[in-house]
Amino acid sequence: MSGCLIKIKESYSGLTPSERKVASFILQNPAKSVGLSIGELAELSGASKAAIIRFCKTLGFDGYRDFSIKIASDIAVSREKSGDKLYTDIKVGDDLDTIIRNISHNNKQAIDDTLKVLDFREVERAVEALKNAGRIDFYGTGASGLVAQDGQQKFMRINRIANAFSDTHLQVTAATILSSGDVAVLISYSGETKDIIDIADLARESGATTIGITKYGNNTLSGKTDICLQISSPETSMRPAASSSRIAQLNIIDILFTAIASENYSEIKHYLERTSKVRELKELKNRPSISPDGDQI
């Protein structure tokens with residue numbers, strides 16, 4: 001699916017009824033939508049020209065001309081890659097071979113589709129904020145909480161003051177004592193997780209810079225953060241442990257970490273080497289000893 005179509009699909013729930021008419025027509029007739037004048041699209045979709053202009057602005061385009069050029073280009077590229085599969089639904093009773101292939105495909109597709117909707121300028125702003133942060137807190141619940149822990153682990157390795165709290169009471173306390181110069185990274189795929197929305201409010205009131213990692217489109221979290229990194233992930237009937245969205249979120253954490261590590265490698269190389277050595281020694285210490293006759297001691 002092209003980047004434009006992904007943006008339309010992910011934004012659909014946040015569109016007005018008149019904008020949804022435009023979105024529905026384009027999603028159902030992507031090839032037919034290419035090359036239409038704004039008047040022709042209005043007639044075919046049953047929406048007004050004004051609604052189409054608003055629709056384009058909502059998706060982040062300068063106007064209908066900008067949108068029509070972009071979608072034509074995207075669909076042309078998609079045709080060249082017509083062998084690409086879309087997301088594959090996961091069904092109860094699938095055999096192991098099918099599960100292995102479909103889960104792996106969906107995870108890869110989530111990263112590919114996120115790349116199509118990710119705003120590189122927002123990534124640049126996020127990297128700059130994290131690079132200069134006095135303290136970095138990662139907030140998430142459920143599967144997103146695991147992503148927050150991954151962020152903490154990575155940034156601690158390069159000697160950054162980084163925290164991730166699974167307990168909601170600790171999250172509230174931590175967000176309350178943030179200050180100007182600190183960064184709060186708030187992770188919620190839906191963008192509607194109440195605990196994370198509350199944390200976003202507290203972090204901003206404390207003066208911290210807030211970075212959201214959430215799905216593409218309008219949602220509460222995207223409207224409450226200073227910087228928003230948006231991802232795309234499949235909506236299948238069975239989403240065990242939110243696997244694809246978690247993979248896309250982890251990929252964003254990897255991008256942020258690697259960008260900072262690469263830019264400041266001469267400074268952080270020492271910390272990476274030390275943490276790697278300590279972990280190796282710990283693994284060696286915990287490894288069972290072997291007696292001369294081959295038995296574990």
# chains A, B, ... in the order shown; residues from 1 in each chain; ligands from 1
call {"tool": "residues_around", "arguments": {"residues": "Leu221 (chain A)", "least_positions_apart": "5", "cutoff": "9 Å", "atoms": "only C-alpha atoms", "output": "JSON list (two decimals) with all heavy atoms, in the first residue's frame"}}
result
[["chain", "number", "residue", "atom", "x", "y", "z"],
["A", 186, "LEU", "N", 6.47, 9.46, 25.62],
["A", 186, "LEU", "CA", 5.18, 8.84, 25.95],
["A", 186, "LEU", "C", 4.77, 7.90, 24.82],
["A", 186, "LEU", "O", 4.65, 8.31, 23.67],
["A", 186, "LEU", "CB", 4.13, 9.93, 26.17],
["A", 186, "LEU", "CG", 4.55, 10.91, 27.26],
["A", 186, "LEU", "CD1", 4.55, 12.33, 26.73],
["A", 186, "LEU", "CD2", 3.67, 10.79, 28.48],
["A", 187, "ILE", "N", 4.54, 6.62, 25.18],
["A", 187, "ILE", "CA", 4.32, 5.59, 24.18],
["A", 187, "ILE", "C", 2.93, 5.00, 24.32],
["A", 187, "ILE", "O", 2.58, 4.43, 25.36],
["A", 187, "ILE", "CB", 5.39, 4.48, 24.31],
["A", 187, "ILE", "CG1", 6.81, 5.10, 24.31],
["A", 187, "ILE", "CG2", 5.25, 3.48, 23.17],
["A", 187, "ILE", "CD1", 7.88, 4.15, 24.79],
["A", 188, "SER", "N", 2.12, 5.14, 23.28],
["A", 188, "SER", "CA", 0.77, 4.55, 23.26],
["A", 188, "SER", "C", 0.36, 4.41, 21.81],
["A", 188, "SER", "O", 0.23, 5.41, 21.10],
["A", 188, "SER", "CB", -0.23, 5.44, 24.00],
["A", 188, "SER", "OG", -1.57, 5.05, 23.73],
["A", 190, "SER", "N", -2.52, 3.48, 20.46],
["A", 190, "SER", "CA", -3.83, 4.08, 20.19],
["A", 190, "SER", "C", -3.81, 5.60, 20.35],
["A", 190, "SER", "O", -4.58, 6.32, 19.72],
["A", 190, "SER", "CB", -4.89, 3.49, 21.12],
["A", 190, "SER", "OG", -4.67, 3.91, 22.47],
["A", 191, "GLY", "N", -2.93, 6.07, 21.23],
["A", 191, "GLY", "CA", -2.91, 7.50, 21.53],
["A", 191, "GLY", "C", -4.02, 7.91, 22.47],
["A", 191, "GLY", "O", -4.24, 9.10, 22.71],
["A", 192, "GLU", "N", -4.73, 6.93, 23.03],
["A", 192, "GLU", "CA", -5.88, 7.21, 23.90],
["A", 192, "GLU", "C", -5.76, 6.56, 25.27],
["A", 192, "GLU", "O", -6.73, 6.55, 26.03],
["A", 192, "GLU", "CB", -7.17, 6.74, 23.22],
["A", 192, "GLU", "CG", -7.44, 7.33, 21.84],
["A", 192, "GLU", "CD", -7.61, 8.84, 21.85],
["A", 192, "GLU", "OE1", -7.91, 9.39, 22.93],
["A", 192, "GLU", "OE2", -7.45, 9.47, 20.78],
["A", 193, "THR", "N", -4.60, 6.00, 25.61],
["A", 193, "THR", "CA", -4.40, 5.38, 26.92],
["A", 193, "THR", "C", -4.48, 6.44, 28.00],
["A", 193, "THR", "O", -3.63, 7.34, 28.05],
["A", 193, "THR", "CB", -3.04, 4.65, 26.97],
["A", 193, "THR", "OG1", -2.92, 3.77, 25.86],
["A", 193, "THR", "CG2", -2.91, 3.87, 28.27],
["A", 196, "ILE", "N", -1.40, 7.40, 30.16],
["A", 196, "ILE", "CA", -0.35, 8.08, 29.40],
["A", 196, "ILE", "C", -0.77, 9.51, 29.06],
["A", 196, "ILE", "O", 0.05, 10.43, 29.08],
["A", 196, "ILE", "CB", 0.00, 7.28, 28.13],
["A", 196, "ILE", "CG1", 0.51, 5.89, 28.51],
["A", 196, "ILE", "CG2", 1.05, 8.01, 27.30],
["A", 196, "ILE", "CD1", 1.70, 5.89, 29.45],
["A", 197, "ILE", "N", -2.05, 9.71, 28.78],
["A", 197, "ILE", "CA", -2.55, 11.07, 28.52],
["A", 197, "ILE", "C", -2.37, 11.93, 29.77],
["A", 197, "ILE", "O", -1.94, 13.09, 29.69],
["A", 197, "ILE", "CB", -4.04, 11.04, 28.12],
["A", 197, "ILE", "CG1", -4.24, 10.20, 26.85],
["A", 197, "ILE", "CG2", -4.57, 12.45, 27.92],
["A", 197, "ILE", "CD1", -3.44, 10.64, 25.67],
["A", 200, "ALA", "N", 1.21, 12.86, 30.13],
["A", 200, "ALA", "CA", 1.57, 13.91, 29.15],
["A", 200, "ALA", "C", 1.24, 15.29, 29.71],
["A", 200, "ALA", "O", 2.04, 16.23, 29.60],
["A", 200, "ALA", "CB", 0.87, 13.67, 27.82],
["A", 212, "GLY", "N", 5.83, 12.04, 21.72],
["A", 212, "GLY", "CA", 4.86, 10.96, 21.63],
["A", 212, "GLY", "C", 5.25, 9.96, 20.57],
["A", 212, "GLY", "O", 5.74, 10.33, 19.50],
["A", 213, "ILE", "N", 5.05, 8.68, 20.85],
["A", 213, "ILE", "CA", 5.20, 7.61, 19.85],
["A", 213, "ILE", "C", 3.83, 6.94, 19.76],
["A", 213, "ILE", "O", 3.41, 6.24, 20.68],
["A", 213, "ILE", "CB", 6.29, 6.60, 20.23],
["A", 213, "ILE", "CG1", 7.65, 7.29, 20.37],
["A", 213, "ILE", "CG2", 6.38, 5.48, 19.19],
["A", 213, "ILE", "CD1", 8.78, 6.37, 20.81],
["A", 214, "THR", "N", 3.12, 7.16, 18.65],
["A", 214, "THR", "CA", 1.74, 6.72, 18.55],
["A", 214, "THR", "C", 1.38, 6.46, 17.09],
["A", 214, "THR", "O", 2.18, 6.73, 16.19],
["A", 214, "THR", "CB", 0.80, 7.78, 19.17],
["A", 214, "THR", "OG1", -0.53, 7.30, 19.17],
["A", 214, "THR", "CG2", 0.86, 9.10, 18.40],
["A", 228, "CYS", "N", 5.84, 14.59, 17.81],
["A", 228, "CYS", "CA", 5.09, 13.35, 17.65],
["A", 228, "CYS", "C", 5.69, 12.48, 16.55],
["A", 228, "CYS", "O", 5.84, 12.92, 15.42],
["A", 228, "CYS", "CB", 3.62, 13.65, 17.33],
["A", 228, "CYS", "SG", 2.56, 12.20, 17.50]]
call {"tool": "residues_around", "arguments": {"residues": "region 45-49 of chain A", "least_positions_apart": "4", "cutoff": "12 Å", "atoms": "only C-alpha atoms", "output": "PyMOL selection string"}}
result
chain A and resi 16-29+32-33+36-41+53-56+63-64
call {"tool": "residues_around", "arguments": {"residues": "Lys215 (chain A)", "least_positions_apart": "2", "cutoff": "7 Å", "atoms": "only C-alpha atoms", "output": "list in words"}}
result
Tyr189, Ser190, Gly191, Gly217, Gln230, Ile231 and Ser232 of chain A
call {"tool": "write_last_selection", "arguments": {"atoms": "all heavy atoms", "output": "compact mmCIF listing (two decimals), in the first residue's frame"}}
result
# COMPACT_ATOMS: atom_id res chain seq x y z
N TYR A 189 0.17 3.18 21.36
CA TYR A 189 -0.19 2.99 19.95
C TYR A 189 -1.52 3.66 19.62
O TYR A 189 -1.63 4.38 18.63
CB TYR A 189 -0.27 1.50 19.60
CG TYR A 189 -0.74 1.30 18.17
CD1 TYR A 189 0.06 1.68 17.11
CD2 TYR A 189 -2.01 0.77 17.89
CE1 TYR A 189 -0.37 1.54 15.80
CE2 TYR A 189 -2.44 0.63 16.60
CZ TYR A 189 -1.62 1.01 15.55
OH TYR A 189 -2.05 0.89 14.26
N SER A 190 -2.52 3.48 20.46
CA SER A 190 -3.83 4.08 20.19
C SER A 190 -3.81 5.60 20.35
O SER A 190 -4.58 6.32 19.72
CB SER A 190 -4.89 3.49 21.12
OG SER A 190 -4.67 3.91 22.47
N GLY A 191 -2.93 6.07 21.23
CA GLY A 191 -2.91 7.50 21.53
C GLY A 191 -4.02 7.91 22.47
O GLY A 191 -4.24 9.10 22.71
N GLY A 217 -2.15 9.71 12.46
CA GLY A 217 -3.49 10.29 12.47
C GLY A 217 -3.72 11.11 13.72
O GLY A 217 -2.86 11.22 14.60
N GLN A 230 4.98 9.22 14.52
CA GLN A 230 3.81 8.40 14.24
C GLN A 230 4.17 7.15 13.45
O GLN A 230 5.00 7.18 12.55
CB GLN A 230 2.76 9.23 13.51
CG GLN A 230 2.27 10.40 14.37
CD GLN A 230 1.18 11.20 13.69
OE1 GLN A 230 1.32 11.63 12.56
NE2 GLN A 230 0.07 11.41 14.40
N ILE A 231 3.52 6.05 13.81
CA ILE A 231 3.82 4.75 13.21
C ILE A 231 2.57 4.18 12.54
O ILE A 231 1.46 4.67 12.74
CB ILE A 231 4.34 3.75 14.26
CG1 ILE A 231 3.23 3.41 15.27
CG2 ILE A 231 5.56 4.32 14.98
CD1 ILE A 231 3.58 2.30 16.24
N SER A 232 2.78 3.14 11.76
CA SER A 232 1.67 2.42 11.14
C SER A 232 1.80 0.95 11.46
O SER A 232 2.91 0.41 11.51
CB SER A 232 1.69 2.62 9.62
OG SER A 232 0.63 1.91 9.01
call {"tool": "closest_atom_pairs", "arguments": {"of": "region 8-73 of chain A", "to": "region 113-137 of chain A", "cutoff": "12 Å", "atoms": "only C-alpha atoms", "output": "Markdown table"}}
result
| residue | atom | partner | partner_atom | distance |
| --- | --- | --- | --- | --- |
| A:Ile8 | CA | A:Val117 | CA | 10.4 |
| A:Lys9 | CA | A:Val117 | CA | 11.3 |
| A:Glu10 | CA | A:Val117 | CA | 9.7 |
| A:Ser11 | CA | A:Val117 | CA | 11.1 |
| A:Leu59 | CA | A:Val117 | CA | 10.4 |
| A:Gly60 | CA | A:Asp119 | CA | 10.5 |
call {"tool": "atom_distance", "arguments": {"atom1": "CA of Tyr265 (chain A)", "atom2": "CA of Asn163 (chain A)"}}
result
21.8 Å
call {"tool": "decode", "arguments": {"residues": "region 53-192 of chain A", "atoms": "C-alpha atoms", "output": "short mmCIF file (atom, residue, chain, number, x, y, z; two decimals), in the first residue's frame"}}
result
data_model
loop_
_atom_site.label_atom_id
_atom_site.label_comp_id
_atom_site.auth_asym_id
_atom_site.auth_seq_id
_atom_site.Cartn_x
_atom_site.Cartn_y
_atom_site.Cartn_z
CA ILE A 53 -9.47 20.74 0.51
CA ARG A 54 -9.97 20.17 4.24
CA PHE A 55 -9.24 16.46 3.73
CA CYS A 56 -5.91 17.28 2.05
CA LYS A 57 -4.96 19.74 4.80
CA THR A 58 -5.83 17.17 7.49
CA LEU A 59 -3.40 14.72 5.90
CA GLY A 60 -0.66 17.36 5.90
CA PHE A 61 -0.66 18.36 2.23
CA ASP A 62 -0.50 21.96 1.00
CA GLY A 63 -3.63 21.49 -1.08
CA TYR A 64 -5.35 19.24 -3.60
CA ARG A 65 -2.65 19.65 -6.25
CA ASP A 66 0.06 18.62 -3.80
CA PHE A 67 -2.03 15.62 -2.72
CA SER A 68 -2.90 14.49 -6.27
CA ILE A 69 0.75 14.61 -7.38
CA LYS A 70 1.86 12.64 -4.34
CA ILE A 71 -0.78 9.92 -4.57
CA ALA A 72 -0.14 9.48 -8.31
CA SER A 73 3.57 9.03 -7.61
CA ASP A 74 2.97 6.64 -4.72
CA ILE A 75 0.54 4.44 -6.64
CA ALA A 76 2.94 4.28 -9.60
CA VAL A 77 5.68 3.00 -7.28
CA SER A 78 3.25 0.53 -5.69
CA ARG A 79 2.42 -0.90 -9.13
CA GLU A 80 6.12 -1.52 -9.75
CA LYS A 81 6.16 -3.47 -6.47
CA SER A 82 2.90 -5.28 -7.12
CA GLY A 83 4.39 -8.47 -5.72
CA ASP A 84 4.38 -6.94 -2.23
CA LYS A 85 1.80 -8.48 0.11
CA LEU A 86 -0.43 -6.47 2.40
CA TYR A 87 -0.96 -7.39 6.02
CA THR A 88 -2.12 -10.95 6.54
CA ASP A 89 -4.85 -11.60 9.08
CA ILE A 90 -4.04 -14.03 11.88
CA LYS A 91 -6.81 -16.54 12.45
CA VAL A 92 -7.53 -19.01 15.21
CA GLY A 93 -6.54 -22.50 14.07
CA ASP A 94 -3.77 -21.42 11.68
CA ASP A 95 -1.04 -24.04 11.38
CA LEU A 96 2.44 -23.26 12.70
CA ASP A 97 3.95 -22.66 9.26
CA THR A 98 1.25 -20.07 8.47
CA ILE A 99 1.68 -18.36 11.84
CA ILE A 100 5.47 -18.12 11.44
CA ARG A 101 5.21 -16.62 7.96
CA ASN A 102 2.30 -14.25 8.65
CA ILE A 103 3.63 -12.86 11.93
CA SER A 104 7.07 -12.32 10.38
CA HIS A 105 5.54 -10.66 7.32
CA ASN A 106 3.29 -8.38 9.37
CA ASN A 107 6.17 -7.27 11.60
CA LYS A 108 8.28 -6.39 8.56
CA GLN A 109 5.32 -4.65 6.94
CA ALA A 110 4.75 -2.52 10.04
CA ILE A 111 8.32 -1.19 9.79
CA ASP A 112 7.99 -0.57 6.03
CA ASP A 113 4.66 1.25 6.43
CA THR A 114 5.95 3.29 9.36
CA LEU A 115 8.80 4.47 7.16
CA LYS A 116 6.22 5.78 4.68
CA VAL A 117 4.35 7.91 7.25
CA LEU A 118 7.20 8.89 9.59
CA ASP A 119 7.97 12.61 9.57
CA PHE A 120 11.77 12.84 9.38
CA ARG A 121 11.69 16.46 10.60
CA GLU A 122 9.96 15.33 13.78
CA VAL A 123 12.61 12.63 14.22
CA GLU A 124 15.28 15.29 13.89
CA ARG A 125 13.57 17.42 16.55
CA ALA A 126 13.27 14.40 18.85
CA VAL A 127 16.96 13.55 18.47
CA GLU A 128 17.92 17.14 19.27
CA ALA A 129 15.73 17.17 22.39
CA LEU A 130 17.07 13.83 23.64
CA LYS A 131 20.66 14.79 22.90
CA ASN A 132 20.40 17.83 25.16
CA ALA A 133 18.16 16.29 27.84
CA GLY A 134 19.20 16.38 31.47
CA ARG A 135 16.96 13.41 32.18
CA ILE A 136 14.88 11.13 29.95
CA ASP A 137 11.76 9.33 31.20
CA PHE A 138 10.01 6.68 29.09
CA TYR A 139 6.33 6.06 29.84
CA GLY A 140 4.13 3.23 28.56
CA THR A 141 1.68 0.61 29.81
CA GLY A 142 1.17 -3.00 28.73
CA ALA A 143 3.13 -3.83 25.57
CA SER A 144 4.16 -0.17 25.27
CA GLY A 145 5.65 -0.47 28.75
CA LEU A 146 8.07 -3.06 27.38
CA VAL A 147 9.10 -0.54 24.71
CA ALA A 148 9.66 2.05 27.45
CA GLN A 149 11.96 -0.39 29.28
CA ASP A 150 13.91 -0.98 26.08
CA GLY A 151 14.38 2.79 25.74
CA GLN A 152 15.66 3.03 29.29
CA GLN A 153 18.12 0.17 28.78
CA LYS A 154 19.54 1.62 25.57
CA PHE A 155 19.99 5.19 26.80
CA MET A 156 21.46 4.07 30.12
CA ARG A 157 24.19 2.29 28.16
CA ILE A 158 25.42 5.62 26.81
CA ASN A 159 25.47 7.26 30.25
CA ARG A 160 22.17 9.12 29.96
CA ILE A 161 19.95 9.48 33.01
CA ALA A 162 17.02 7.38 31.80
CA ASN A 163 14.03 5.92 33.64
CA ALA A 164 11.07 3.69 32.84
CA PHE A 165 8.37 2.99 35.41
CA SER A 166 5.79 0.21 35.13
CA ASP A 167 3.85 1.32 38.23
CA THR A 168 1.36 4.08 37.40
CA HIS A 169 1.82 5.77 40.78
CA LEU A 170 5.57 5.99 40.17
CA GLN A 171 4.88 7.33 36.69
CA VAL A 172 2.77 10.15 38.10
CA THR A 173 5.41 10.98 40.73
CA ALA A 174 8.22 10.96 38.16
CA ALA A 175 6.33 13.17 35.69
CA THR A 176 5.50 15.66 38.44
CA ILE A 177 9.17 16.29 39.29
CA LEU A 178 10.40 16.69 35.71
CA SER A 179 11.72 20.12 34.82
CA SER A 180 12.75 22.28 31.90
CA GLY A 181 15.54 20.51 30.02
CA ASP A 182 14.13 17.05 30.74
CA VAL A 183 12.34 14.90 28.15
CA ALA A 184 9.32 12.62 28.60
CA VAL A 185 8.82 9.96 25.91
CA LEU A 186 5.18 8.84 25.95
CA ILE A 187 4.32 5.59 24.18
CA SER A 188 0.77 4.55 23.26
CA TYR A 189 -0.19 2.99 19.95
CA SER A 190 -3.83 4.08 20.19
CA GLY A 191 -2.91 7.50 21.53
CA GLU A 192 -5.88 7.21 23.90
#
